[in-house]
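S.K.: Just query.cif, nothing more (mmCIF, C-alpha atoms (C1' of nucleotides)):
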data_start
#
loop_
_atom_site.label_atom_id
_atom_site.label_comp_id
_atom_site.auth_asym_id
_atom_site.auth_seq_id
_atom_site.Cartn_x
_atom_site.Cartn_y
_atom_site.Cartn_z
CA MET A 197 -3.34 1.51 3.65
CA ASN A 198 -6.85 1.14 2.32
CA GLY A 199 -10.24 2.66 2.94
CA GLN A 200 -12.20 -0.30 4.26
CA PHE A 201 -12.97 1.29 7.60
CA GLN A 202 -14.26 4.48 6.01
CA ILE A 203 -16.37 2.56 3.54
CA ALA A 204 -17.79 0.41 6.32
CA MET A 205 -18.62 3.45 8.42
CA HIS A 206 -20.26 5.12 5.47
CA ILE A 207 -22.41 2.08 4.79
CA LEU A 208 -23.46 1.64 8.41
CA THR A 209 -24.23 5.33 8.80
CA LEU A 210 -26.47 5.24 5.75
CA LEU A 211 -28.31 2.20 7.04
CA ASP A 212 -28.90 3.97 10.33
CA GLN A 213 -30.53 6.94 8.58
CA GLU A 214 -33.65 5.03 7.57
CA PRO A 215 -34.22 2.47 10.32
CA GLY A 216 -36.27 -0.52 9.22
CA GLU A 217 -35.99 0.24 5.50
CA LEU A 218 -33.97 -1.83 3.10
CA ILE A 219 -31.34 0.04 1.13
CA SER A 220 -29.77 -1.21 -2.09
CA SER A 221 -26.09 -1.54 -2.84
CA GLU A 222 -26.58 0.79 -5.78
CA TYR A 223 -27.96 3.55 -3.60
CA ILE A 224 -25.15 3.09 -1.11
CA ALA A 225 -22.56 3.06 -3.88
CA GLY A 226 -24.01 6.31 -5.17
CA SER A 227 -23.48 8.03 -1.86
CA ILE A 228 -19.97 6.69 -1.33
CA ASN A 229 -19.15 7.08 -5.01
CA ILE A 230 -17.62 3.68 -5.55
CA ASN A 231 -18.61 0.57 -7.45
CA PRO A 232 -21.68 -1.32 -6.13
CA VAL A 233 -19.76 -4.58 -6.19
CA LEU A 234 -17.31 -3.19 -3.69
CA VAL A 235 -20.21 -2.26 -1.45
CA ARG A 236 -21.58 -5.77 -1.61
CA LYS A 237 -18.15 -7.21 -0.89
CA GLU A 238 -17.69 -5.07 2.17
CA ILE A 239 -21.22 -5.85 3.31
CA LYS A 240 -20.50 -9.54 2.99
CA ASN A 241 -17.76 -9.04 5.52
CA LEU A 242 -19.80 -6.89 7.87
CA ARG A 243 -22.60 -9.40 7.72
CA ASN A 244 -20.21 -12.10 8.90
CA TYR A 245 -19.84 -10.03 12.05
CA GLY A 246 -23.57 -9.58 12.49
CA LEU A 247 -23.43 -5.86 11.81
CA ILE A 248 -25.66 -6.02 8.73
CA THR A 249 -28.46 -8.23 7.50
CA SER A 250 -29.45 -8.61 3.88
CA LYS A 251 -32.43 -9.69 1.88
CA GLU A 252 -32.20 -11.04 -1.66
CA GLY A 253 -34.58 -10.67 -4.55
CA GLN A 254 -36.66 -7.80 -5.80
CA ALA A 255 -37.31 -5.21 -3.09
CA GLY A 256 -34.31 -6.68 -1.31
CA GLY A 257 -31.49 -4.71 0.24
CA TYR A 258 -29.61 -4.14 3.45
CA SER A 259 -30.30 -3.03 6.99
CA LEU A 260 -28.46 -2.98 10.30
CA GLY A 261 -27.90 -6.34 11.94
CA ARG A 262 -28.63 -4.99 15.40
CA SER A 263 -29.52 -1.80 17.17
CA PRO A 264 -27.02 0.99 16.45
CA GLU A 265 -26.68 1.54 20.19
CA LYS A 266 -25.19 -1.91 20.37
CA ILE A 267 -22.64 -1.37 17.60
CA THR A 268 -19.45 0.35 18.66
CA LEU A 269 -16.89 1.72 16.26
CA GLY A 270 -14.53 -0.77 17.85
CA ASP A 271 -16.78 -3.51 16.51
CA VAL A 272 -16.46 -2.00 13.06
CA TYR A 273 -12.71 -1.73 13.38
CA LYS A 274 -12.42 -5.36 14.39
CA ALA A 275 -14.66 -6.42 11.53
CA VAL A 276 -12.67 -4.69 8.82
CA ASN A 277 -9.36 -5.74 10.35
CA ASN A 278 -7.43 -3.33 8.22
CA GLY A 279 -4.10 -4.90 9.14
CA PRO A 280 -1.83 -3.71 11.95
CA ALA A 281 -2.21 0.02 12.59
CA LEU A 282 1.54 0.48 12.71
CA GLY A 283 1.94 -1.01 9.24
CA GLN A 284 3.48 -4.27 8.23
CA ALA A 285 6.97 -4.69 6.83
CA LYS A 286 7.45 -7.51 4.37
CA ASN A 287 11.14 -8.05 4.85
CA LEU A 288 12.57 -11.14 6.53
CA PRO A 289 15.09 -9.83 9.05
CA ASN A 290 18.50 -11.46 9.20
CA PRO A 291 18.40 -14.30 11.76
CA ASP A 292 22.16 -14.06 12.24
CA CYS A 293 21.80 -10.60 13.74
CA PRO A 294 20.77 -10.38 17.40
CA VAL A 295 18.41 -7.55 16.57
CA GLY A 296 17.07 -9.07 13.36
CA ARG A 297 16.45 -12.35 15.12
CA GLN A 298 14.10 -10.89 17.72
CA ILE A 299 12.71 -7.68 16.38
CA ASN A 300 9.54 -9.01 14.83
CA GLN A 301 8.48 -10.57 18.08
CA HIS A 302 8.92 -7.29 19.93
CA LEU A 303 7.28 -5.25 17.20
CA ASN A 304 4.34 -7.58 17.26
CA THR A 305 3.66 -7.18 20.95
CA LEU A 306 3.97 -3.46 20.39
CA ALA A 307 1.41 -3.67 17.60
CA ASP A 308 -0.92 -5.64 19.85
CA ASP A 309 -0.75 -2.99 22.54
CA VAL A 310 -1.46 -0.26 20.03
CA GLN A 311 -4.39 -2.16 18.60
CA LEU A 312 -5.83 -2.49 22.07
CA ALA A 313 -5.51 1.25 22.61
CA ILE A 314 -7.29 1.92 19.33
CA ILE A 315 -10.14 -0.44 20.06
CA ASN A 316 -10.50 1.01 23.54
CA GLN A 317 -10.80 4.45 22.05
CA LEU A 318 -13.26 3.36 19.38
CA ASN A 319 -15.38 1.35 21.77
CA SER A 320 -16.31 4.59 23.49
CA ILE A 321 -18.36 5.60 20.46
CA THR A 322 -21.51 3.84 19.26
CA LEU A 323 -22.79 3.88 15.71
CA ALA A 324 -25.92 5.56 17.09
CA ALA A 325 -23.82 8.40 18.48
CA PHE A 326 -21.82 8.74 15.31
CA SER A 327 -24.73 8.73 12.93
CA LEU A 328 -26.60 11.24 15.07
CA LYS A 329 -24.27 13.84 13.62
CA PHE A 330 -26.00 13.49 10.27
CA LYS A 331 -29.56 13.99 11.42
CA MET B 18 -0.07 -0.26 4.45
CA ASN B 19 3.69 -0.11 4.47
CA GLY B 20 6.52 -1.03 6.77
CA GLN B 21 8.11 2.33 7.43
CA PHE B 22 7.57 2.21 11.17
CA GLN B 23 9.09 -1.25 11.48
CA ILE B 24 12.07 -0.28 9.35
CA ALA B 25 12.59 2.87 11.38
CA MET B 26 12.43 0.96 14.65
CA HIS B 27 14.87 -1.60 13.33
CA ILE B 28 17.33 1.09 12.30
CA LEU B 29 17.09 2.96 15.58
CA THR B 30 17.42 -0.22 17.61
CA LEU B 31 20.57 -1.16 15.75
CA LEU B 32 22.06 2.28 16.30
CA ASP B 33 21.38 1.96 20.00
CA GLN B 34 23.27 -1.31 20.22
CA GLU B 35 26.68 0.28 19.66
CA PRO B 36 26.46 3.73 21.22
CA GLY B 37 28.94 6.20 19.83
CA GLU B 38 29.93 4.06 16.86
CA LEU B 39 29.00 4.87 13.30
CA ILE B 40 27.09 2.20 11.44
CA SER B 41 26.83 1.98 7.66
CA SER B 42 23.66 1.72 5.64
CA GLU B 43 24.98 -1.51 4.19
CA TYR B 44 25.32 -3.11 7.60
CA ILE B 45 21.86 -1.93 8.59
CA ALA B 46 20.39 -3.17 5.33
CA GLY B 47 21.99 -6.55 5.98
CA SER B 48 20.20 -6.89 9.30
CA ILE B 49 16.84 -5.70 8.03
CA ASN B 50 17.32 -7.54 4.76
CA ILE B 51 16.31 -4.74 2.43
CA ASN B 52 18.12 -2.55 -0.06
CA PRO B 53 20.66 -0.08 1.39
CA VAL B 54 19.11 2.75 -0.60
CA LEU B 55 15.85 2.25 1.23
CA VAL B 56 17.71 2.47 4.51
CA ARG B 57 19.29 5.75 3.47
CA LYS B 58 15.93 7.07 2.34
CA GLU B 59 14.30 6.29 5.66
CA ILE B 60 17.26 7.71 7.53
CA LYS B 61 16.96 10.91 5.55
CA ASN B 62 13.49 11.24 6.99
CA LEU B 63 14.44 10.32 10.55
CA ARG B 64 17.30 12.78 10.38
CA ASN B 65 14.85 15.55 9.53
CA TYR B 66 13.28 14.83 12.91
CA GLY B 67 16.58 14.85 14.74
CA LEU B 68 16.43 11.16 15.56
CA ILE B 69 19.57 10.28 13.61
CA THR B 70 22.78 12.05 12.69
CA SER B 71 24.97 11.07 9.78
CA LYS B 72 28.51 11.51 8.67
CA GLU B 73 29.58 11.35 5.04
CA GLY B 74 32.78 10.06 3.50
CA GLN B 75 34.98 7.13 4.31
CA ALA B 76 34.47 5.83 7.84
CA GLY B 77 31.15 7.67 7.75
CA GLY B 78 27.85 6.24 8.87
CA TYR B 79 24.95 6.82 11.20
CA SER B 80 24.30 7.22 14.88
CA LEU B 81 21.44 8.31 17.13
CA GLY B 82 20.60 11.98 17.01
CA ARG B 83 20.00 12.15 20.75
CA SER B 84 20.00 9.98 23.82
CA PRO B 85 17.71 6.96 23.43
CA GLU B 86 16.08 7.88 26.73
CA LYS B 87 14.86 11.00 25.01
CA ILE B 88 13.39 9.25 22.00
CA THR B 89 9.92 7.83 22.49
CA LEU B 90 8.25 5.45 20.10
CA GLY B 91 5.66 8.19 19.69
CA ASP B 92 8.42 10.35 18.23
CA VAL B 93 9.21 7.60 15.76
CA TYR B 94 5.55 7.21 14.86
CA LYS B 95 5.18 10.90 14.22
CA ALA B 96 8.35 10.93 12.12
CA VAL B 97 7.30 8.14 9.80
CA ASN B 98 3.75 9.45 9.57
CA ASN B 99 2.50 6.27 8.04
CA GLY B 100 -0.82 7.83 7.09
CA PRO B 101 -3.98 7.67 9.19
CA ALA B 102 -4.15 4.54 11.32
CA LEU B 103 -7.73 3.89 10.30
CA GLY B 104 -6.81 3.90 6.63
CA GLN B 105 -7.66 6.38 3.97
CA ALA B 106 -10.42 6.01 1.42
CA LYS B 107 -9.81 7.63 -1.93
CA ASN B 108 -13.40 8.02 -3.00
CA LEU B 109 -15.08 11.41 -3.25
CA PRO B 110 -18.41 11.00 -1.46
CA ASN B 111 -21.52 12.32 -3.13
CA PRO B 112 -22.09 15.92 -2.02
CA ASP B 113 -25.81 15.64 -2.80
CA CYS B 114 -26.24 13.06 -0.05
CA PRO B 115 -26.55 14.35 3.53
CA VAL B 116 -24.25 11.60 4.71
CA GLY B 117 -21.79 11.85 1.83
CA ARG B 118 -21.57 15.58 2.27
CA GLN B 119 -20.36 15.41 5.87
CA ILE B 120 -18.83 12.05 6.45
CA ASN B 121 -15.24 12.90 5.70
CA GLN B 122 -15.26 15.66 8.24
CA HIS B 123 -16.55 13.33 10.93
CA LEU B 124 -14.24 10.51 9.96
CA ASN B 125 -11.32 12.88 10.10
CA THR B 126 -11.99 14.00 13.65
CA LEU B 127 -12.34 10.33 14.51
CA ALA B 128 -8.98 9.63 12.91
CA ASP B 129 -7.42 12.48 14.87
CA ASP B 130 -8.70 11.07 18.15
CA VAL B 131 -7.38 7.64 17.30
CA GLN B 132 -4.01 9.02 16.33
CA LEU B 133 -3.82 10.79 19.68
CA ALA B 134 -4.57 7.53 21.47
CA ILE B 135 -1.83 5.77 19.53
CA ILE B 136 0.76 8.43 20.22
CA ASN B 137 -0.19 8.45 23.87
CA GLN B 138 0.36 4.75 24.03
CA LEU B 139 3.65 4.90 22.15
CA ASN B 140 4.97 7.81 24.15
CA SER B 141 5.03 5.59 27.20
CA ILE B 142 7.92 3.62 25.70
CA THR B 143 11.39 5.03 25.05
CA LEU B 144 13.81 3.71 22.48
CA ALA B 145 16.13 2.92 25.37
CA ALA B 146 13.50 0.70 26.96
CA PHE B 147 12.68 -0.99 23.69
CA SER B 148 16.24 -1.71 22.64
CA LEU B 149 17.09 -3.03 26.10
CA LYS B 150 15.19 -6.15 25.06
CA PHE B 151 17.99 -7.00 22.65
CA LYS B 152 20.91 -6.77 25.05
"C1'" DC C 135 47.04 13.77 -3.73
"C1'" DA C 136 44.88 9.72 -5.34
"C1'" DT C 137 42.15 6.13 -3.91
"C1'" DA C 138 38.72 3.80 -1.32
"C1'" DA C 139 34.66 3.73 1.36
"C1'" DC C 140 31.15 5.84 2.55
"C1'" DT C 141 26.53 9.04 2.15
"C1'" DG C 142 22.96 11.55 -0.82
"C1'" DT C 143 19.81 11.42 -4.33
"C1'" DA C 144 17.52 10.85 -8.78
"C1'" DA C 145 15.53 7.97 -12.14
"C1'" DC C 146 13.62 3.95 -13.33
"C1'" DA C 147 11.73 -0.96 -12.93
"C1'" DA C 148 9.34 -4.64 -10.61
"C1'" DA C 149 6.14 -6.35 -7.50
"C1'" DT C 150 2.30 -5.97 -4.74
"C1'" DT C 151 -1.99 -4.19 -3.33
"C1'" DT C 152 -6.22 -1.84 -4.04
"C1'" DA C 153 -10.07 -0.53 -6.65
"C1'" DA C 154 -12.97 -1.03 -10.68
"C1'" DT C 155 -15.32 -3.59 -14.04
"C1'" DT C 156 -17.75 -7.26 -16.35
"C1'" DA C 157 -20.46 -11.10 -16.27
"C1'" DC C 158 -23.73 -13.98 -14.67
"C1'" DA C 159 -26.08 -17.16 -11.31
"C1'" DT C 160 -29.52 -16.89 -7.66
"C1'" DT C 161 -33.44 -15.09 -5.22
"C1'" DA C 162 -37.98 -13.22 -4.47
"C1'" DA C 163 -41.58 -9.68 -5.31
"C1'" DA C 164 -44.95 -8.06 -8.53
"C1'" DT D 97 -42.76 -14.75 -16.13
"C1'" DT D 98 -40.60 -10.64 -15.80
"C1'" DT D 99 -38.07 -7.46 -13.05
"C1'" DA D 100 -35.08 -5.82 -9.58
"C1'" DA D 101 -32.39 -7.02 -6.36
"C1'" DT D 102 -28.16 -9.77 -3.95
"C1'" DG D 103 -23.96 -13.03 -4.28
"C1'" DT D 104 -19.77 -14.01 -6.20
"C1'" DA D 105 -16.03 -15.12 -9.47
"C1'" DA D 106 -12.83 -13.57 -12.79
"C1'" DT D 107 -10.41 -10.11 -14.95
"C1'" DT D 108 -8.48 -5.56 -15.72
"C1'" DA D 109 -6.75 -1.12 -14.40
"C1'" DA D 110 -4.67 1.99 -11.30
"C1'" DA D 111 -2.01 3.23 -7.50
"C1'" DT D 112 1.38 2.32 -4.17
"C1'" DT D 113 5.38 0.26 -2.37
"C1'" DT D 114 9.66 -1.78 -2.81
"C1'" DG D 115 13.82 -2.74 -5.28
"C1'" DT D 116 17.57 -1.47 -8.41
"C1'" DT D 117 20.97 1.05 -10.94
"C1'" DA D 118 23.76 4.78 -11.47
"C1'" DC D 119 26.46 8.28 -10.12
"C1'" DA D 120 27.72 12.75 -7.79
"C1'" DG D 121 29.55 14.44 -3.42
"C1'" DT D 122 32.35 13.80 0.82
"C1'" DT D 123 36.13 12.52 3.79
"C1'" DA D 124 39.61 9.40 5.91
"C1'" DT D 125 43.77 7.19 4.82
"C1'" DG D 126 47.99 5.35 2.63
#
In structure tokens, what does this structure look like?
M.R.:
Amino acid sequence: MNGQFQIAMHILTLLDQEPGELISSEYIAGSININPVLVRKEIKNLRNYGLITSKEGQAGGYSLGRSPEKITLGDVYKAVNNGPALGQAKNLPNPDCPVGRQINQHLNTLADDVQLAIINQLNSITLAAFSLKFK
Amino acid sequence: MNGQFQIAMHILTLLDQEPGELISSEYIAGSININPVLVRKEIKNLRNYGLITSKEGQAGGYSLGRSPEKITLGDVYKAVNNGPALGQAKNLPNPDCPVGRQINQHLNTLADDVQLAIINQLNSITLAAFSLKFK
DNA sequence: CATAACTGTAACAAATTTAATTACATTAAA
DNA sequence: TTTAATGTAATTAAATTTGTTACAGTTATG
């Protein structure tokens, strides 16, 4: 279980504090208290989902990819795709056992349902609403 | 992200296949395809939550702690307590930053809401209903 | 009552995953 | 042309998870 979602939320919240301005990975890393390279890696991912835009070169930096009212926390969750919320076993169940043979299939549909419930819940909150708590 | 929930579900499903009988950790491990000690470790935990009972000595083994109609998958989820579903960052945010200072608090209430949504979803399914798929 | 077949648990080792670091190429403003 | 950024690869370090070994404790059974 890793902290991608938290890091992503921290980044996006920071970017929403100073709308229009470009913020550097070093500044962001200083607030999160992690390595700037990790920030840039996570931003690379979030940018693939249109949540962040970046500008290279001196005076470059990052800003939100679209209005924070149009970013839901469900969007963030889907972007980080932190693996199934119920966890992921790495065993290969015994195919000679009636339970072992089928269990992964049933656990997977279960995981899908849970993921849907999570995204539903998170879609009810926008980044704008979340980051309002810090102003 | 680990596989505790899946292992727990596998164990409980197996126990529900042969009601009344005692099943050994070795048999269970053979179906899951993991080490028997891991099975006993997970069972120790599930037993603390009343989901499994055990009997020592020769001809000993495991069985369900209560009727499978009275075990919901939410109970299992709570028992394994796989850590927050949204993940867990291990950084210590910068307390001199307005965002860093407060973000963990806000992320935690978010995590609580999500956990509630998950448990709600999982409580709608009993072990009896789940394990029926294997009969 | 001795043995065999289990559970219970601790201690350690291996494997995997996550996070951190270093290095440097690329870009663009000043 | 220098400076301050991003972009990204490669490597190392740390933490977590899983697997293994060993053995003490328990109880049915011959």
S.K.: Calculate how many Å separate CA of Asn231 (chain A) from C1' of DA153 (chain C), rounding to one decimal.
M.R.: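 A separation of 8.6 Å between them.
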S.K.: Evaluate the PyMOL selection byres ((chain B) within 10 of (chain D)) against this structure - the residues, as a ChimeraX atom specification, please.
M.R.: /B:18-20,51-55,72-77
S.K.: For the file shown, report as number ranges by chain the outcome of the PyMOL selection byres ((chain B) within 7 of (chain A)) at residue level.
M.R.: B: 18-20, 22-23, 31, 47-51, 102-111, 114-117, 131, 134-135, 138, 151
S.K.: Can you move chain A onto chain B by a least-squares fit over all C-alpha atoms paired in order, then give me the moved copy as an mmCIF file with C-alpha atoms, keeping the file's coordinate frame?
M.R.:
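Contents of result_2.cif, freshly written:
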data_model
loop_
_atom_site.group_PDB
_atom_site.id
_atom_site.type_symbol
_atom_site.label_atom_id
_atom_site.label_comp_id
_atom_site.auth_asym_id
_atom_site.auth_seq_id
_atom_site.Cartn_x
_atom_site.Cartn_y
_atom_site.Cartn_z
ATOM 1 C CA MET A 197 -0.117 -0.201 4.589
ATOM 2 C CA ASN A 198 3.653 -0.124 4.506
ATOM 3 C CA GLY A 199 6.510 -1.037 6.785
ATOM 4 C CA GLN A 200 8.105 2.336 7.437
ATOM 5 C CA PHE A 201 7.572 2.224 11.176
ATOM 6 C CA GLN A 202 9.098 -1.231 11.493
ATOM 7 C CA ILE A 203 12.056 -0.272 9.355
ATOM 8 C CA ALA A 204 12.588 2.883 11.387
ATOM 9 C CA MET A 205 12.432 0.963 14.647
ATOM 10 C CA HIS A 206 14.860 -1.597 13.329
ATOM 11 C CA ILE A 207 17.322 1.088 12.303
ATOM 12 C CA LEU A 208 17.099 2.971 15.591
ATOM 13 C CA THR A 209 17.426 -0.214 17.618
ATOM 14 C CA LEU A 210 20.574 -1.152 15.738
ATOM 15 C CA LEU A 211 22.073 2.274 16.293
ATOM 16 C CA ASP A 212 21.375 1.964 19.997
ATOM 17 C CA GLN A 213 23.290 -1.326 20.207
ATOM 18 C CA GLU A 214 26.694 0.262 19.669
ATOM 19 C CA PRO A 215 26.469 3.722 21.225
ATOM 20 C CA GLY A 216 28.978 6.191 19.825
ATOM 21 C CA GLU A 217 29.934 4.031 16.839
ATOM 22 C CA LEU A 218 29.009 4.858 13.292
ATOM 23 C CA ILE A 219 27.086 2.187 11.431
ATOM 24 C CA SER A 220 26.805 1.975 7.653
ATOM 25 C CA SER A 221 23.636 1.723 5.626
ATOM 26 C CA GLU A 222 24.936 -1.523 4.180
ATOM 27 C CA TYR A 223 25.288 -3.115 7.588
ATOM 28 C CA ILE A 224 21.836 -1.930 8.581
ATOM 29 C CA ALA A 225 20.358 -3.162 5.312
ATOM 30 C CA GLY A 226 21.928 -6.544 5.964
ATOM 31 C CA SER A 227 20.177 -6.880 9.283
ATOM 32 C CA ILE A 228 16.802 -5.696 8.017
ATOM 33 C CA ASN A 229 17.265 -7.539 4.738
ATOM 34 C CA ILE A 230 16.257 -4.734 2.435
ATOM 35 C CA ASN A 231 18.055 -2.541 -0.059
ATOM 36 C CA PRO A 232 20.614 -0.071 1.387
ATOM 37 C CA VAL A 233 19.066 2.763 -0.584
ATOM 38 C CA LEU A 234 15.817 2.279 1.258
ATOM 39 C CA VAL A 235 17.702 2.500 4.527
ATOM 40 C CA ARG A 236 19.290 5.763 3.497
ATOM 41 C CA LYS A 237 15.931 7.119 2.383
ATOM 42 C CA GLU A 238 14.302 6.304 5.675
ATOM 43 C CA ILE A 239 17.275 7.717 7.555
ATOM 44 C CA LYS A 240 16.972 10.932 5.605
ATOM 45 C CA ASN A 241 13.503 11.256 7.028
ATOM 46 C CA LEU A 242 14.459 10.338 10.570
ATOM 47 C CA ARG A 243 17.312 12.788 10.426
ATOM 48 C CA ASN A 244 14.860 15.555 9.572
ATOM 49 C CA TYR A 245 13.289 14.846 12.945
ATOM 50 C CA GLY A 246 16.602 14.871 14.771
ATOM 51 C CA LEU A 247 16.440 11.179 15.583
ATOM 52 C CA ILE A 248 19.594 10.293 13.647
ATOM 53 C CA THR A 249 22.795 12.049 12.694
ATOM 54 C CA SER A 250 24.988 11.066 9.786
ATOM 55 C CA LYS A 251 28.540 11.498 8.674
ATOM 56 C CA GLU A 252 29.631 11.351 5.041
ATOM 57 C CA GLY A 253 32.824 10.062 3.524
ATOM 58 C CA GLN A 254 34.997 7.089 4.277
ATOM 59 C CA ALA A 255 34.495 5.806 7.824
ATOM 60 C CA GLY A 256 31.180 7.631 7.752
ATOM 61 C CA GLY A 257 27.868 6.218 8.879
ATOM 62 C CA TYR A 258 24.968 6.803 11.206
ATOM 63 C CA SER A 259 24.325 7.204 14.902
ATOM 64 C CA LEU A 260 21.465 8.309 17.126
ATOM 65 C CA GLY A 261 20.618 11.992 17.036
ATOM 66 C CA ARG A 262 20.023 12.144 20.771
ATOM 67 C CA SER A 263 20.025 9.962 23.827
ATOM 68 C CA PRO A 264 17.731 6.939 23.438
ATOM 69 C CA GLU A 265 16.095 7.859 26.737
ATOM 70 C CA LYS A 266 14.881 10.992 25.044
ATOM 71 C CA ILE A 267 13.401 9.239 22.011
ATOM 72 C CA THR A 268 9.928 7.840 22.495
ATOM 73 C CA LEU A 269 8.253 5.466 20.096
ATOM 74 C CA GLY A 270 5.674 8.201 19.686
ATOM 75 C CA ASP A 271 8.435 10.362 18.245
ATOM 76 C CA VAL A 272 9.208 7.614 15.768
ATOM 77 C CA TYR A 273 5.565 7.221 14.865
ATOM 78 C CA LYS A 274 5.205 10.927 14.223
ATOM 79 C CA ALA A 275 8.358 10.954 12.129
ATOM 80 C CA VAL A 276 7.297 8.171 9.800
ATOM 81 C CA ASN A 277 3.747 9.491 9.571
ATOM 82 C CA ASN A 278 2.496 6.312 8.022
ATOM 83 C CA GLY A 279 -0.828 7.872 7.063
ATOM 84 C CA PRO A 280 -4.000 7.704 9.154
ATOM 85 C CA ALA A 281 -4.127 4.551 11.278
ATOM 86 C CA LEU A 282 -7.715 3.905 10.278
ATOM 87 C CA GLY A 283 -6.797 3.901 6.593
ATOM 88 C CA GLN A 284 -7.664 6.395 3.938
ATOM 89 C CA ALA A 285 -10.425 5.987 1.384
ATOM 90 C CA LYS A 286 -9.834 7.591 -1.980
ATOM 91 C CA ASN A 287 -13.418 8.008 -3.039
ATOM 92 C CA LEU A 288 -15.113 11.396 -3.288
ATOM 93 C CA PRO A 289 -18.429 10.988 -1.484
ATOM 94 C CA ASN A 290 -21.560 12.299 -3.153
ATOM 95 C CA PRO A 291 -22.141 15.908 -2.028
ATOM 96 C CA ASP A 292 -25.845 15.603 -2.809
ATOM 97 C CA CYS A 293 -26.266 13.030 -0.061
ATOM 98 C CA PRO A 294 -26.568 14.320 3.510
ATOM 99 C CA VAL A 295 -24.273 11.567 4.703
ATOM 100 C CA GLY A 296 -21.812 11.817 1.824
ATOM 101 C CA ARG A 297 -21.601 15.558 2.271
ATOM 102 C CA GLN A 298 -20.391 15.393 5.866
ATOM 103 C CA ILE A 299 -18.858 12.023 6.438
ATOM 104 C CA ASN A 300 -15.263 12.873 5.679
ATOM 105 C CA GLN A 301 -15.271 15.642 8.219
ATOM 106 C CA HIS A 302 -16.549 13.313 10.924
ATOM 107 C CA LEU A 303 -14.223 10.498 9.938
ATOM 108 C CA ASN A 304 -11.323 12.874 10.091
ATOM 109 C CA THR A 305 -11.977 13.985 13.637
ATOM 110 C CA LEU A 306 -12.339 10.327 14.494
ATOM 111 C CA ALA A 307 -8.971 9.623 12.899
ATOM 112 C CA ASP A 308 -7.418 12.473 14.858
ATOM 113 C CA ASP A 309 -8.685 11.068 18.130
ATOM 114 C CA VAL A 310 -7.355 7.637 17.283
ATOM 115 C CA GLN A 311 -3.986 9.040 16.323
ATOM 116 C CA LEU A 312 -3.800 10.792 19.658
ATOM 117 C CA ALA A 313 -4.549 7.541 21.461
ATOM 118 C CA ILE A 314 -1.807 5.782 19.521
ATOM 119 C CA ILE A 315 0.781 8.439 20.205
ATOM 120 C CA ASN A 316 -0.175 8.480 23.869
ATOM 121 C CA GLN A 317 0.372 4.763 24.030
ATOM 122 C CA LEU A 318 3.668 4.907 22.163
ATOM 123 C CA ASN A 319 4.979 7.833 24.154
ATOM 124 C CA SER A 320 5.033 5.589 27.200
ATOM 125 C CA ILE A 321 7.919 3.634 25.699
ATOM 126 C CA THR A 322 11.405 5.013 25.066
ATOM 127 C CA LEU A 323 13.816 3.692 22.480
ATOM 128 C CA ALA A 324 16.158 2.908 25.382
ATOM 129 C CA ALA A 325 13.513 0.686 26.955
ATOM 130 C CA PHE A 326 12.699 -0.999 23.690
ATOM 131 C CA SER A 327 16.241 -1.703 22.643
ATOM 132 C CA LEU A 328 17.083 -3.046 26.087
ATOM 133 C CA LYS A 329 15.212 -6.165 25.058
ATOM 134 C CA PHE A 330 18.003 -7.017 22.645
ATOM 135 C CA LYS A 331 20.910 -6.775 25.040
#
S.K.: What does the distance between CA of Asn62 (chain B) and CA of Pro36 (chain B) come to in Å, to one decimal place?
M.R.: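 If I compute the distance from CA of Asn62 (chain B) to CA of Pro36 (chain B), I get 20.7 Å.
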S.K.: Could you please select, counting only C-alpha atoms (C1' of nucleotides), the residues of chain C within 8 Å of chain A and state them as a list of chain:residue names?
M.R.: C:DT152, C:DA154, C:DT161, C:DA162, C:DA163
S.K.: Report the distance between CA of Glu43 (chain B) and CA of Val56 (chain B) in Å, rounded to one decimal place.
M.R.: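 Here the two named atoms are 8.3 Å from each other.
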S.K.: To verify the selection step, state as a list in words which residues the PyMOL selection byres ((chain B and resi 60) around 9) yields on this input.
M.R.: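 With the PyMOL selection byres ((chain B and resi 60) around 9) on this model, the match is Ala25, Ile28, Ser42, Leu55, Val56, Arg57, Lys58, Glu59, Lys61, Asn62, Leu63, Arg64, Asn65, Leu68, Ile69, Thr70, Ser71 and Tyr79 of chain B.
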S.K.: Box for region 142-159 of chain C - axis-aligned, 6 Å on each of the six sides, all listed atoms - centre and size in Å to one decimal, as JSON.
M.R.:
{"center_x": -1.6, "center_y": -2.8, "center_z": -8.6, "size_x": 61.0, "size_y": 40.7, "size_z": 27.5}
